[in-house]
Structures are given as C-alpha cells and as structure tokens.
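Structure file query_3.cif; described as mmCIF, C-alpha atoms and all ligand atoms.
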data_data
#
loop_
_atom_site.label_atom_id
_atom_site.label_comp_id
_atom_site.auth_asym_id
_atom_site.auth_seq_id
_atom_site.Cartn_x
_atom_site.Cartn_y
_atom_site.Cartn_z
CA MET A 25 -42.42 60.63 -80.26
CA SER A 26 -39.09 60.79 -78.45
CA ILE A 27 -37.57 58.28 -76.08
CA ILE A 28 -34.74 59.54 -73.87
CA VAL A 29 -32.67 57.63 -71.36
CA GLY A 30 -31.70 59.81 -68.39
CA ILE A 31 -28.66 59.16 -66.18
CA GLU A 32 -28.19 60.68 -62.72
CA THR A 33 -24.95 60.22 -60.74
CA SER A 34 -24.40 63.56 -59.00
CA CYS A 35 -24.24 62.20 -55.46
CA ASP A 36 -24.93 58.80 -53.90
CA GLU A 37 -27.71 57.43 -56.10
CA THR A 38 -27.09 55.88 -59.52
CA GLY A 39 -30.29 56.45 -61.47
CA VAL A 40 -31.12 55.35 -65.02
CA SER A 41 -34.56 55.82 -66.52
CA VAL A 42 -36.25 55.61 -69.90
CA VAL A 43 -38.88 58.32 -70.49
CA GLU A 44 -41.22 58.80 -73.44
CA ASN A 45 -42.06 62.37 -74.51
CA GLY A 46 -40.72 63.82 -71.26
CA THR A 47 -43.61 62.61 -69.14
CA ARG A 48 -44.25 58.86 -69.46
CA VAL A 49 -41.74 56.83 -67.46
CA LEU A 50 -41.13 53.48 -69.19
CA SER A 51 -38.57 52.32 -66.65
CA ASN A 52 -36.79 53.74 -63.62
CA VAL A 53 -33.97 51.99 -61.79
CA VAL A 54 -32.04 53.48 -58.89
CA ALA A 55 -29.11 51.92 -57.00
CA SER A 56 -28.83 53.68 -53.66
CA GLN A 57 -25.49 53.69 -51.82
CA ILE A 58 -27.07 54.79 -48.53
CA ASP A 59 -26.24 51.57 -46.65
CA VAL A 60 -22.54 51.98 -47.44
CA HIS A 61 -22.31 55.69 -46.55
CA ARG A 62 -24.46 55.31 -43.40
CA VAL A 63 -21.49 53.73 -41.59
CA PHE A 64 -19.61 57.05 -42.06
CA GLY A 65 -22.62 59.27 -41.20
CA GLY A 66 -22.55 60.95 -44.63
CA VAL A 67 -21.46 60.57 -48.26
CA VAL A 68 -17.78 59.68 -48.86
CA PRO A 69 -17.05 61.11 -52.36
CA GLU A 70 -14.35 58.60 -53.36
CA ILE A 71 -16.56 55.63 -52.42
CA ALA A 72 -19.53 57.21 -54.21
CA SER A 73 -17.75 57.55 -57.56
CA ARG A 74 -16.33 54.02 -57.40
CA MET A 75 -19.77 52.58 -56.67
CA HIS A 76 -21.34 54.44 -59.62
CA THR A 77 -18.67 52.89 -61.87
CA GLU A 78 -19.45 49.39 -60.59
CA VAL A 79 -23.19 49.50 -61.32
CA ILE A 80 -23.84 51.93 -64.16
CA SER A 81 -23.48 49.54 -67.09
CA GLN A 82 -25.73 46.93 -65.47
CA LEU A 83 -28.34 49.58 -64.56
CA MET A 84 -28.41 50.82 -68.16
CA GLN A 85 -29.09 47.29 -69.40
CA GLN A 86 -31.81 46.81 -66.79
CA ALA A 87 -33.49 50.17 -67.56
CA LEU A 88 -33.57 49.37 -71.28
CA SER A 89 -34.85 45.86 -70.75
CA ASP A 90 -37.53 47.01 -68.22
CA ALA A 91 -38.70 49.47 -70.89
CA GLY A 92 -38.88 46.64 -73.45
CA LEU A 93 -35.97 48.04 -75.46
CA GLU A 94 -32.87 46.15 -76.60
CA PRO A 95 -30.02 47.43 -78.77
CA THR A 96 -29.82 45.28 -81.92
CA ASN A 97 -26.83 45.17 -84.30
CA ASN A 98 -25.52 48.30 -82.63
CA THR A 99 -28.64 50.31 -83.49
CA ALA A 100 -29.75 52.74 -80.83
CA PRO A 101 -32.84 51.67 -78.84
CA VAL A 102 -33.51 55.30 -77.79
CA ASP A 103 -33.48 58.72 -79.49
CA ALA A 104 -31.08 60.49 -77.11
CA ILE A 105 -29.13 60.09 -73.89
CA ALA A 106 -29.11 62.70 -71.10
CA ALA A 107 -26.95 62.90 -67.99
CA THR A 108 -26.43 65.30 -65.09
CA PHE A 109 -23.34 67.51 -65.63
CA GLY A 110 -23.58 69.39 -62.29
CA PRO A 111 -23.77 70.51 -59.59
CA GLY A 112 -22.62 67.58 -57.47
CA LEU A 113 -19.56 65.55 -56.53
CA MET A 114 -17.03 65.85 -59.36
CA GLY A 115 -15.96 62.18 -59.37
CA SER A 116 -19.57 60.99 -59.33
CA LEU A 117 -20.70 63.40 -62.06
CA LEU A 118 -17.87 62.26 -64.34
CA VAL A 119 -19.04 58.64 -64.20
CA GLY A 120 -22.56 59.31 -65.52
CA LEU A 121 -21.46 62.04 -67.91
CA SER A 122 -18.64 60.01 -69.48
CA PHE A 123 -20.69 56.82 -69.67
CA GLY A 124 -23.66 58.61 -71.28
CA ARG A 125 -21.49 60.58 -73.71
CA ALA A 126 -19.57 57.46 -74.81
CA LEU A 127 -22.76 55.45 -75.34
CA ALA A 128 -24.39 58.28 -77.31
CA CYS A 129 -21.25 58.47 -79.46
CA ALA A 130 -21.31 54.70 -80.11
CA TRP A 131 -25.04 54.74 -80.93
CA GLN A 132 -24.65 57.98 -82.94
CA ILE A 133 -27.47 59.78 -81.16
CA PRO A 134 -27.59 63.19 -79.40
CA PHE A 135 -26.12 63.56 -75.93
CA LEU A 136 -27.80 66.10 -73.62
CA PRO A 137 -26.13 67.41 -70.45
CA VAL A 138 -28.68 68.48 -67.78
CA HIS A 139 -28.39 70.72 -64.70
CA HIS A 140 -29.31 68.70 -61.61
CA ILE A 141 -31.66 71.36 -60.18
CA GLU A 142 -33.44 71.71 -63.53
CA GLY A 143 -33.88 67.94 -63.27
CA HIS A 144 -35.52 68.31 -59.85
CA LEU A 145 -37.88 70.96 -61.30
CA PHE A 146 -38.95 68.56 -64.04
CA SER A 147 -39.85 65.85 -61.52
CA ALA A 148 -43.11 67.82 -61.19
CA PHE A 149 -43.86 66.99 -64.83
CA LEU A 150 -43.79 63.26 -64.05
CA GLY A 151 -46.94 63.48 -61.92
CA GLU A 152 -50.61 63.39 -62.91
CA SER A 153 -51.10 67.14 -63.33
CA LYS A 154 -48.42 69.40 -64.80
CA PRO A 155 -47.85 73.08 -64.01
CA GLU A 156 -48.38 75.78 -66.60
CA PHE A 157 -46.16 78.86 -66.76
CA PRO A 158 -45.46 80.95 -64.80
CA TYR A 159 -44.94 78.92 -61.64
CA LEU A 160 -42.86 79.13 -58.49
CA ALA A 161 -40.70 76.21 -57.39
CA LEU A 162 -39.54 75.56 -53.87
CA VAL A 163 -36.42 73.41 -54.34
CA VAL A 164 -35.50 71.68 -51.09
CA SER A 165 -32.70 69.13 -51.16
CA GLY A 166 -29.40 68.09 -49.61
CA GLY A 167 -27.51 70.98 -51.18
CA HIS A 168 -30.18 73.55 -52.13
CA THR A 169 -32.98 75.60 -50.57
CA GLN A 170 -34.28 77.96 -53.21
CA ILE A 171 -37.43 79.61 -54.48
CA ILE A 172 -37.25 79.81 -58.25
CA GLN A 173 -39.69 81.66 -60.50
CA CYS A 174 -40.13 79.79 -63.80
CA ASP A 175 -41.56 82.30 -66.27
CA ALA A 176 -41.33 80.23 -69.44
CA PRO A 177 -39.61 77.00 -70.43
CA HIS A 178 -35.99 77.18 -69.16
CA GLN A 179 -36.28 80.81 -68.04
CA TYR A 180 -35.56 81.06 -64.36
CA GLN A 181 -35.24 83.79 -61.74
CA ILE A 182 -33.81 82.79 -58.38
CA LEU A 183 -36.00 84.64 -55.86
CA ALA A 184 -34.45 83.14 -52.73
CA SER A 185 -31.56 80.93 -51.60
CA THR A 186 -30.17 79.78 -48.31
CA ARG A 187 -27.48 81.98 -46.80
CA ASP A 188 -25.82 79.00 -45.08
CA ASP A 189 -27.01 75.38 -44.70
CA ALA A 190 -29.55 73.76 -47.01
CA VAL A 191 -32.68 72.43 -45.33
CA GLY A 192 -31.86 68.77 -46.21
CA GLU A 193 -28.35 69.26 -44.84
CA CYS A 194 -29.91 70.64 -41.64
CA PHE A 195 -32.15 67.54 -41.33
CA ASP A 196 -29.01 65.37 -41.78
CA LYS A 197 -26.96 67.30 -39.20
CA VAL A 198 -29.75 67.41 -36.59
CA ALA A 199 -30.38 63.67 -37.05
CA ARG A 200 -26.72 63.12 -36.28
CA LEU A 201 -27.03 65.22 -33.09
CA LEU A 202 -30.00 63.04 -32.12
CA GLY A 203 -28.16 59.79 -32.86
CA LEU A 204 -30.55 58.97 -35.71
CA PRO A 205 -29.24 57.21 -38.85
CA TYR A 206 -28.23 58.86 -42.14
CA PRO A 207 -30.00 60.15 -44.20
CA GLY A 208 -31.50 62.41 -41.55
CA GLY A 209 -34.71 63.49 -43.32
CA PRO A 210 -36.55 60.15 -43.28
CA SER A 211 -35.14 59.32 -39.79
CA ILE A 212 -36.39 62.59 -38.31
CA GLN A 213 -39.77 62.25 -40.02
CA LYS A 214 -40.16 58.77 -38.53
CA ALA A 215 -39.04 59.78 -35.02
CA ALA A 216 -41.34 62.83 -35.15
CA GLU A 217 -44.41 60.65 -35.70
CA THR A 218 -44.62 59.89 -31.96
CA GLY A 219 -43.30 63.25 -30.75
CA ASN A 220 -44.91 66.51 -29.63
CA SER A 221 -44.06 69.31 -32.08
CA ALA A 222 -44.89 71.95 -29.45
CA ALA A 223 -42.49 70.50 -26.87
CA PHE A 224 -39.66 72.91 -27.80
CA ARG A 225 -39.61 76.28 -29.56
CA PHE A 226 -36.84 76.49 -32.13
CA PRO A 227 -36.08 79.67 -34.11
CA CYS A 228 -37.13 80.31 -37.70
CA GLY A 229 -34.08 81.65 -39.58
CA LEU A 230 -34.37 85.18 -41.11
CA ALA A 231 -37.99 85.40 -39.91
CA THR A 232 -38.53 88.87 -41.35
CA LYS A 233 -40.43 90.10 -44.38
CA ASP A 234 -37.34 91.99 -45.67
CA THR A 235 -35.90 89.01 -47.47
CA LEU A 236 -37.08 85.79 -49.06
CA ASP A 237 -33.75 84.13 -48.25
CA PHE A 238 -33.47 81.20 -45.87
CA SER A 239 -31.04 80.44 -43.05
CA TYR A 240 -30.77 77.05 -41.36
CA SER A 241 -27.52 77.20 -39.40
CA GLY A 242 -29.18 78.95 -36.42
CA LEU A 243 -31.81 76.23 -36.17
CA LYS A 244 -29.14 73.52 -36.14
CA THR A 245 -27.18 75.38 -33.44
CA ALA A 246 -30.35 75.90 -31.37
CA VAL A 247 -30.92 72.11 -31.36
CA LEU A 248 -27.26 71.56 -30.42
CA TYR A 249 -27.49 73.93 -27.41
CA MET A 250 -30.87 72.57 -26.32
CA LEU A 251 -29.49 69.02 -26.29
CA ARG A 252 -26.39 70.17 -24.40
CA ASP A 253 -28.57 71.80 -21.72
CA HIS A 254 -31.23 69.05 -21.68
CA PRO A 255 -29.58 65.72 -22.54
CA GLU A 256 -32.64 63.92 -21.16
CA ALA A 257 -34.97 65.49 -23.81
CA SER A 258 -37.15 62.99 -25.66
CA VAL A 259 -35.79 62.29 -29.16
CA PRO A 260 -39.29 62.14 -30.77
CA ASP A 261 -40.21 65.50 -29.16
CA VAL A 262 -37.00 67.18 -30.37
CA ALA A 263 -37.41 65.63 -33.86
CA ALA A 264 -41.05 66.79 -34.10
CA SER A 265 -40.27 70.31 -32.81
CA PHE A 266 -37.28 70.64 -35.15
CA GLN A 267 -39.27 69.37 -38.16
CA ARG A 268 -42.06 71.87 -37.35
CA ALA A 269 -39.58 74.79 -37.23
CA ALA A 270 -37.77 73.70 -40.42
CA VAL A 271 -41.05 73.34 -42.34
CA ASP A 272 -42.56 76.57 -40.90
CA ALA A 273 -39.58 78.55 -42.26
CA LEU A 274 -40.13 77.05 -45.74
CA ILE A 275 -43.86 77.77 -45.65
CA MET A 276 -43.43 81.33 -44.35
CA LYS A 277 -40.98 82.35 -47.08
CA THR A 278 -42.93 80.57 -49.80
CA ALA A 279 -46.14 82.35 -48.73
CA LEU A 280 -44.25 85.64 -48.96
CA ALA A 281 -42.90 84.76 -52.42
CA ILE A 282 -46.42 83.92 -53.62
CA GLU A 283 -47.72 87.21 -52.25
CA GLN A 284 -44.88 89.30 -53.70
CA SER A 285 -44.77 87.65 -57.14
CA GLY A 286 -48.51 87.15 -57.57
CA VAL A 287 -47.70 83.74 -59.07
CA ARG A 288 -50.19 81.21 -57.73
CA ARG A 289 -48.79 77.90 -58.96
CA LEU A 290 -46.24 76.12 -56.79
CA VAL A 291 -43.98 73.14 -57.45
CA ILE A 292 -42.11 71.60 -54.51
CA ALA A 293 -39.16 69.45 -55.56
CA GLY A 294 -35.96 67.84 -54.21
CA GLY A 295 -35.41 65.19 -51.54
CA VAL A 296 -37.11 67.17 -48.74
CA ALA A 297 -40.27 67.39 -50.90
CA ALA A 298 -40.81 63.78 -49.74
CA ASN A 299 -41.42 65.11 -46.21
CA LYS A 300 -45.01 64.47 -45.15
CA CYS A 301 -45.17 67.45 -42.77
CA LEU A 302 -44.04 69.79 -45.59
CA ARG A 303 -46.48 68.26 -48.10
CA GLU A 304 -49.38 68.65 -45.66
CA SER A 305 -48.42 72.19 -44.58
CA ALA A 306 -48.06 73.34 -48.20
CA ALA A 307 -51.76 72.61 -48.74
CA SER A 308 -52.51 75.76 -46.69
CA LEU A 309 -50.66 78.00 -49.18
CA ASP A 310 -52.65 80.25 -51.49
CA ALA A 311 -51.45 78.44 -54.63
CA GLU A 312 -52.24 75.48 -56.85
CA LEU A 313 -49.84 72.79 -55.68
CA PHE A 314 -47.78 70.42 -57.88
CA LEU A 315 -45.94 67.75 -55.89
CA PRO A 316 -43.82 65.11 -57.64
CA PRO A 317 -44.71 61.49 -56.84
CA PHE A 318 -42.59 60.36 -53.84
CA VAL A 319 -40.36 58.16 -55.99
CA TYR A 320 -39.23 61.15 -58.09
CA CYS A 321 -38.45 63.49 -55.16
CA LEU A 322 -35.07 61.88 -54.53
CA ASP A 323 -32.37 61.79 -57.22
CA ASN A 324 -33.39 59.72 -60.27
CA GLY A 325 -32.77 59.46 -64.01
CA ALA A 326 -36.40 60.14 -65.01
CA MET A 327 -36.27 63.81 -64.01
CA ILE A 328 -33.05 64.21 -66.03
CA ALA A 329 -34.66 62.68 -69.13
CA ALA A 330 -37.75 64.90 -68.67
CA ALA A 331 -35.63 68.08 -68.48
CA ALA A 332 -33.58 67.00 -71.52
CA HIS A 333 -36.75 66.32 -73.54
CA SER A 334 -38.04 69.82 -72.84
CA ARG A 335 -34.71 71.41 -73.80
CA MET A 336 -34.74 69.47 -77.07
CA GLN A 337 -38.34 70.48 -77.74
CA HIS A 338 -37.55 74.16 -77.11
CA HIS A 339 -34.31 74.07 -79.13
CA CYS A 340 -32.13 75.06 -76.20
CA ALA A 341 -30.19 71.85 -75.48
CA LEU A 342 -26.86 72.52 -73.78
CA PRO A 343 -23.72 71.76 -75.86
CA HIS A 344 -22.98 68.02 -75.84
CA ASP A 345 -19.44 68.69 -74.56
CA THR A 346 -20.55 70.80 -71.55
CA PRO A 347 -17.99 69.89 -68.88
CA ALA A 348 -18.83 68.47 -65.47
CA ALA A 349 -19.23 71.26 -62.88
CA ALA A 350 -19.20 70.65 -59.13
CA SER A 351 -20.86 74.00 -58.46
CA ILE A 352 -22.87 75.92 -61.06
CA PRO A 353 -26.01 78.04 -60.62
CA LEU A 354 -29.11 77.16 -62.64
CA VAL A 355 -29.45 80.62 -64.18
CA VAL A 356 -26.19 80.44 -66.14
CA VAL A 357 -27.26 77.49 -68.32
N1 LIG B 1 -38.87 62.48 -45.77
C1 LIG B 1 -37.92 63.39 -45.75
N2 LIG B 1 -38.00 64.47 -44.93
C2 LIG B 1 -37.03 65.42 -44.90
N3 LIG B 1 -35.91 65.36 -45.64
C3 LIG B 1 -35.77 64.31 -46.47
C4 LIG B 1 -36.75 63.28 -46.57
N4 LIG B 1 -36.32 62.36 -47.48
C5 LIG B 1 -35.11 62.80 -47.90
N5 LIG B 1 -34.77 63.96 -47.29
C6 LIG B 1 -33.53 64.73 -47.43
O1 LIG B 1 -33.32 65.01 -48.80
C7 LIG B 1 -31.91 65.14 -49.02
C8 LIG B 1 -31.55 64.34 -50.26
O2 LIG B 1 -32.21 64.93 -51.36
P1 LIG B 1 -31.50 64.96 -52.76
O3 LIG B 1 -31.06 63.59 -53.10
O4 LIG B 1 -32.33 65.69 -53.72
O5 LIG B 1 -30.22 65.87 -52.38
P2 LIG B 1 -28.87 65.95 -53.17
O6 LIG B 1 -29.09 65.48 -54.56
O7 LIG B 1 -27.82 65.33 -52.32
O8 LIG B 1 -28.64 67.52 -53.18
P3 LIG B 1 -28.94 68.53 -54.42
O9 LIG B 1 -30.17 68.05 -55.10
O10 LIG B 1 -29.09 69.86 -53.75
O11 LIG B 1 -27.71 68.44 -55.26
C9 LIG B 1 -31.21 64.65 -47.78
O12 LIG B 1 -30.70 65.77 -47.08
C10 LIG B 1 -32.31 63.94 -47.00
O13 LIG B 1 -32.14 63.98 -45.60
MG MG B 2 -30.75 66.11 -55.71
#

Rewrite the structure of this file - the entire thing - as structure tokens.
Amino acid sequence: MSIIVGIETSCDETGVSVVENGTRVLSNVVASQIDVHRVFGGVVPEIASRMHTEVISQLMQQALSDAGLEPTNNTAPVDAIAATFGPGLMGSLLVGLSFGRALACAWQIPFLPVHHIEGHLFSAFLGESKPEFPYLALVVSGGHTQIIQCDAPHQYQILASTRDDAVGECFDKVARLLGLPYPGGPSIQKAAETGNSAAFRFPCGLATKDTLDFSYSGLKTAVLYMLRDHPEASVPDVAASFQRAAVDALIMKTALAIEQSGVRRLVIAGGVAANKCLRESAASLDAELFLPPFVYCLDNGAMIAAAAHSRMQHHCALPHDTPAAASIPLVVV
C-alpha cells in the first residue's frame, strides 16, 4: 500500500490531496483564488504566487487531518510527496514545488515532481471505471487543447494540439466579450442554458480532414465581429451558439483521431471536461468513454498524487530535483 500527498499550485488553485494506491482519495482540499482574480478579468501571476504561499501550509495540515493522518515525533504520515513542476506560472509552481520538496526532505521520504498535463490524464483514474491501454485522451484546459495517444504507462504521442488559443482560453475570452464573469467556461455554460444554439453560425477552426490540430482564434474573432455588428444580440443565444461551435470542433477532431488511430477508448480531462455540452456530445463518439468526476476536472492535488503513484509503480519517477518549468511538453518527461 502506498499513500501519497499531491500538491498542485501551477495556476490559481492551491490543491493538496492524500491518495491511497493512486486511486482512492482519502482527502482533497482546494483553495480557489477565483474571487480575487475575477476583479482583474484573469489570473494575475504575482497575486497568485503570494496567495499560494499564504495557504499552503494550512491546506497541508487540513488534507492530512481530513485523511486521518497526523505527523508524530517528526515521523512521516505518508510514503511520498508529489508536486507539479510545470507547465504553469513560474512563481506559483515554485511555491508548491519548494514546499513539497522541503517537507519530503524533513520527513525523509521520496519527493516526486509531476507534469501538470500528466496529472490531468490521471484524473480519469480517480473515477469508478479506469481506462486500459491504449487509450486516447482529449485534454481541454485553460492552456492546452490536445489529443494524446497513451500507448502504455507514461508513453505518450501527441496526435494534435492547438495552433493558437486553447479552448478554455477561448471560453474565457468570449465570456469577457459577452460581459460574463471570469472564469468564462462555467459562465458561458450557465448563460447557454436558456439560449438557442442555432441562433448564430460560428466557424469550426481547421475544419478539414487533413489535420487533427485545433484552432480557436478564428472562433473568438468571429464572436467579436458578430457582437460589433449586432450589439443587440441576446447573450444566452451567443453563448449557446459559441459553446456549440467550440464543442463541435472538439468532437469532430476527436472522431477523426479515433478513426485514424483505431483506438476506441477515450479519456476527456482538464477544466473544460467539466462542460456539460461536451460531456453529452462525447457520448455519440465511437469509443468507450472515461470522464473524470467533476471535482477532479479542474486543477487539484489528487490527480498529481495519482500520476506520481503510477510513475513510482512503473519505476520511472522523475528526478527529485527536476526544476520548475513554465513551459514544457509532456513527451519530454
Ligand atoms: N463548465 C465549463 N465549461 C467550459 N469550460 C470550463 C468549464 N469549467 C471550467 N472551464 C475552463 O477550464 C479552464 C480551467 O481549467 P484548468 O484549471 O485545467 O486550466 P489551467 O490549469 O489554467 O490550464 P492547463 O491545465 O492547460 O495548465 C478555464 O479556461 C475555464 O474557463
Ligand atoms: Mg490545469
């Protein structure tokens, strides 16, 4: 049995979680900074790192105590500590990484750096049913839109990426155009509930079969021009039509990736995987679907602990002194 505490501080959520054997979450605490950043319409990096520093020690104590674990006489209550080393905001990454590394050193237990996107992939292993290999993963978040083929544990091929904006970033930018609060994904989903998704036709980026890659900047610009020409347009109708176009592009490329690869298991992970329209539309794909529970779609420490457990199990843990990296592709680790 192994108990790992996972720390996630790559952006604006401080997450600490205790996970048993990579799948059973014993505790999961997340301090979201959304209310603070909302005033600025997006994440302010300097504020984000300071806020991680303020709460991380308290969150660690709470996660351990929620899991029924207490350090006694300086003995470690867990077997290892894992933390995100990148990609993300450098100042924010350094808080979780340094805190985790120092604690692991004091408790004399292994410290495991984890790639944030590998963490998102492992959120699928925190649900009821777990994917077998090979599987495809559609990673849709604030900074990534990728289709990844996972052939074996920790062996990845990136089949598709976005050529410009990430889909979550596009939700955030379009919400801003519509005067909806940050973060844009949940705001647009809510506004779309009462809107007509056929009210406007927005383009699907790179809508050809020649490439699996995504493009979201054209969709954002199309909404901008439509609002300039029709300022009276109903916000719910625009939100619903935009959401339909954004999700259709994901579904179209994922269907193509399933067809081309012949891999018929699909994980959807990352913040946008919480989107109801995407979850419902994905049911039409010709693949067995693995969706993380809602709570593990957004950034959290449990997915980091799960990824670290698997790396330990497969003897491919990253070096404990792996430096923080603001931008690093999954395939190099
Ligand atoms: N229900 C939803 N519908 C659509 N988008 C959503 C929903 N909930 C959250 N999002 C989007 O998910 C994104 C946040 O996801 P996440 O926290 O995984 O991103 P990140 O960690 O900032 O980026 P990355 O994981 O690429 O480093 C935001 O862009 C947000 O708008
Ligand atoms: Mg993320």

Around ligand LIG 1 (chain B), out to 6 Å and counting all atoms listed in the file, which residues are there? I want them as a ChimeraX atom specification. /A:35,112,165-168,192-193,195-196,207-210,213,294-296,298-299,322-323

Writer output for current selection, C-alpha atoms, as a PDB file, in the frame of the given file:
ATOM      1  CA  CYS A  35     -24.240  62.200 -55.460  1.00  0.00           C
ATOM      2  CA  GLY A 112     -22.620  67.580 -57.470  1.00  0.00           C
ATOM      3  CA  SER A 165     -32.700  69.130 -51.160  1.00  0.00           C
ATOM      4  CA  GLY A 166     -29.400  68.090 -49.610  1.00  0.00           C
ATOM      5  CA  GLY A 167     -27.510  70.980 -51.180  1.00  0.00           C
ATOM      6  CA  HIS A 168     -30.180  73.550 -52.130  1.00  0.00           C
ATOM      7  CA  GLY A 192     -31.860  68.770 -46.210  1.00  0.00           C
ATOM      8  CA  GLU A 193     -28.350  69.260 -44.840  1.00  0.00           C
ATOM      9  CA  PHE A 195     -32.150  67.540 -41.330  1.00  0.00           C
ATOM     10  CA  ASP A 196     -29.010  65.370 -41.780  1.00  0.00           C
ATOM     11  CA  PRO A 207     -30.000  60.150 -44.200  1.00  0.00           C
ATOM     12  CA  GLY A 208     -31.500  62.410 -41.550  1.00  0.00           C
ATOM     13  CA  GLY A 209     -34.710  63.490 -43.320  1.00  0.00           C
ATOM     14  CA  PRO A 210     -36.550  60.150 -43.280  1.00  0.00           C
ATOM     15  CA  GLN A 213     -39.770  62.250 -40.020  1.00  0.00           C
ATOM     16  CA  GLY A 294     -35.960  67.840 -54.210  1.00  0.00           C
ATOM     17  CA  GLY A 295     -35.410  65.190 -51.540  1.00  0.00           C
ATOM     18  CA  VAL A 296     -37.110  67.170 -48.740  1.00  0.00           C
ATOM     19  CA  ALA A 298     -40.810  63.780 -49.740  1.00  0.00           C
ATOM     20  CA  ASN A 299     -41.420  65.110 -46.210  1.00  0.00           C
ATOM     21  CA  LEU A 322     -35.070  61.880 -54.530  1.00  0.00           C
ATOM     22  CA  ASP A 323     -32.370  61.790 -57.220  1.00  0.00           C
TER      23      ASP A 323
END

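Interatomic distance, atom CA of Ala87 of chain A against atom CA of Ser351 of chain A: 28.5 Å.
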
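With all atoms listed in the file as the atoms that count, the residue of A:Gly124, A:Gly39, A:Gly92, A:Pro260 with the shortest distance to ligand MG 2 (chain B) is A:Gly39.
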
For segment 235-239 of chain A, list every protein, DNA or RNA residue within 8 Å, evaluated using all atoms listed in the file, and leave out those in the same chain fewer than 2 positions away; present the list as a PyMOL selection string. chain A and resi 169-170+183-190+229-230+232-233+241-242+273-274+277-278+280-281

Next, the residues of the selection above should be written as a CSV table (one decimal), in the coordinates of the input with C-alpha atoms.
chain,number,residue,atom,x,y,z
A,169,THR,CA,-33.0,75.6,-50.6
A,170,GLN,CA,-34.3,78.0,-53.2
A,183,LEU,CA,-36.0,84.6,-55.9
A,184,ALA,CA,-34.4,83.1,-52.7
A,185,SER,CA,-31.6,80.9,-51.6
A,186,THR,CA,-30.2,79.8,-48.3
A,187,ARG,CA,-27.5,82.0,-46.8
A,188,ASP,CA,-25.8,79.0,-45.1
A,189,ASP,CA,-27.0,75.4,-44.7
A,190,ALA,CA,-29.6,73.8,-47.0
A,229,GLY,CA,-34.1,81.6,-39.6
A,230,LEU,CA,-34.4,85.2,-41.1
A,232,THR,CA,-38.5,88.9,-41.4
A,233,LYS,CA,-40.4,90.1,-44.4
A,241,SER,CA,-27.5,77.2,-39.4
A,242,GLY,CA,-29.2,79.0,-36.4
A,273,ALA,CA,-39.6,78.6,-42.3
A,274,LEU,CA,-40.1,77.0,-45.7
A,277,LYS,CA,-41.0,82.4,-47.1
A,278,THR,CA,-42.9,80.6,-49.8
A,280,LEU,CA,-44.2,85.6,-49.0
A,281,ALA,CA,-42.9,84.8,-52.4

Using all atoms listed in the file, which residues sit within 7 Å of segment 226-228 of chain A once same-chain residues fewer than 3 positions away are excluded, as a PyMOL selection string? chain A and resi 231+243+246+266+269+273

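Computed from the coordinates, the atom CA of Thr77 of chain A to atom CA of Thr99 of chain A distance equals 23.9 Å.
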
Enumerate, in order of chain and increasing residue number, the residues of segment 114-200 of chain A with an atom no farther than 9 Å from segment 336-340 of chain A, each with its shortest atom pair and distance in Å to one decimal, counting all atoms listed in the file, as a tab-separated table.
residue	atom	partner	partner_atom	distance
A:Leu136	CA	A:Met336	CA	8.5
A:Pro177	CA	A:His338	CA	7.5
A:His178	CA	A:Cys340	CA	8.3

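In terms of minimum interatomic distance to ligand MG 2 (chain B), A:Ile328 ranks closest within A:Val49, A:Ala257, A:Ile328, A:Ala307, counting all atoms listed in the file.
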
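One finds atom CA of Val357 of chain A at 13.0 Å from atom CA of Ile182 of chain A.
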
Around all the atoms of segment 33-51 of chain A listed in the file, with 5 Å of room on each side, what axis-aligned box do you get, giving centre and edge lengths in Å to one decimal, as JSON?
{"center_x": -34.2, "center_y": 58.1, "center_z": -64.2, "size_x": 30.0, "size_y": 21.5, "size_z": 30.6}

Between A:Ala264, A:Ala104, A:Ile141, A:Val291, which is the closest to ligand MG 2 (chain B) once you count all atoms listed in the file? A:Ile141

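Remark: for ligand MG 2 (chain B), the closest of the candidate residues A:Leu145, A:Leu342, A:Leu290, A:Val53 is A:Leu145 (distances computed over all atoms listed in the file).
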
In the coordinates of the file, take the point (-29.9, 65.2, -60.4) and a cut-off of 8 Å; then, counting all atoms listed in the file, name each qualifying protein, DNA or RNA residue as a ChimeraX atom specification. /A:32-34,108,110,139-141,143-144,323-325,327-328

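The smallest atom-to-atom distance between Glu70 of chain A and any of A:Ala223, A:Met276, A:Ala350, A:Leu113, using all atoms listed in the file, is found for A:Leu113.
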
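Residue nearest Ile292 of chain A within the list A:Val356, A:Cys321, A:Cys129, A:Val68: A:Cys321 [criterion: smallest interatomic distance, only C-alpha atoms].
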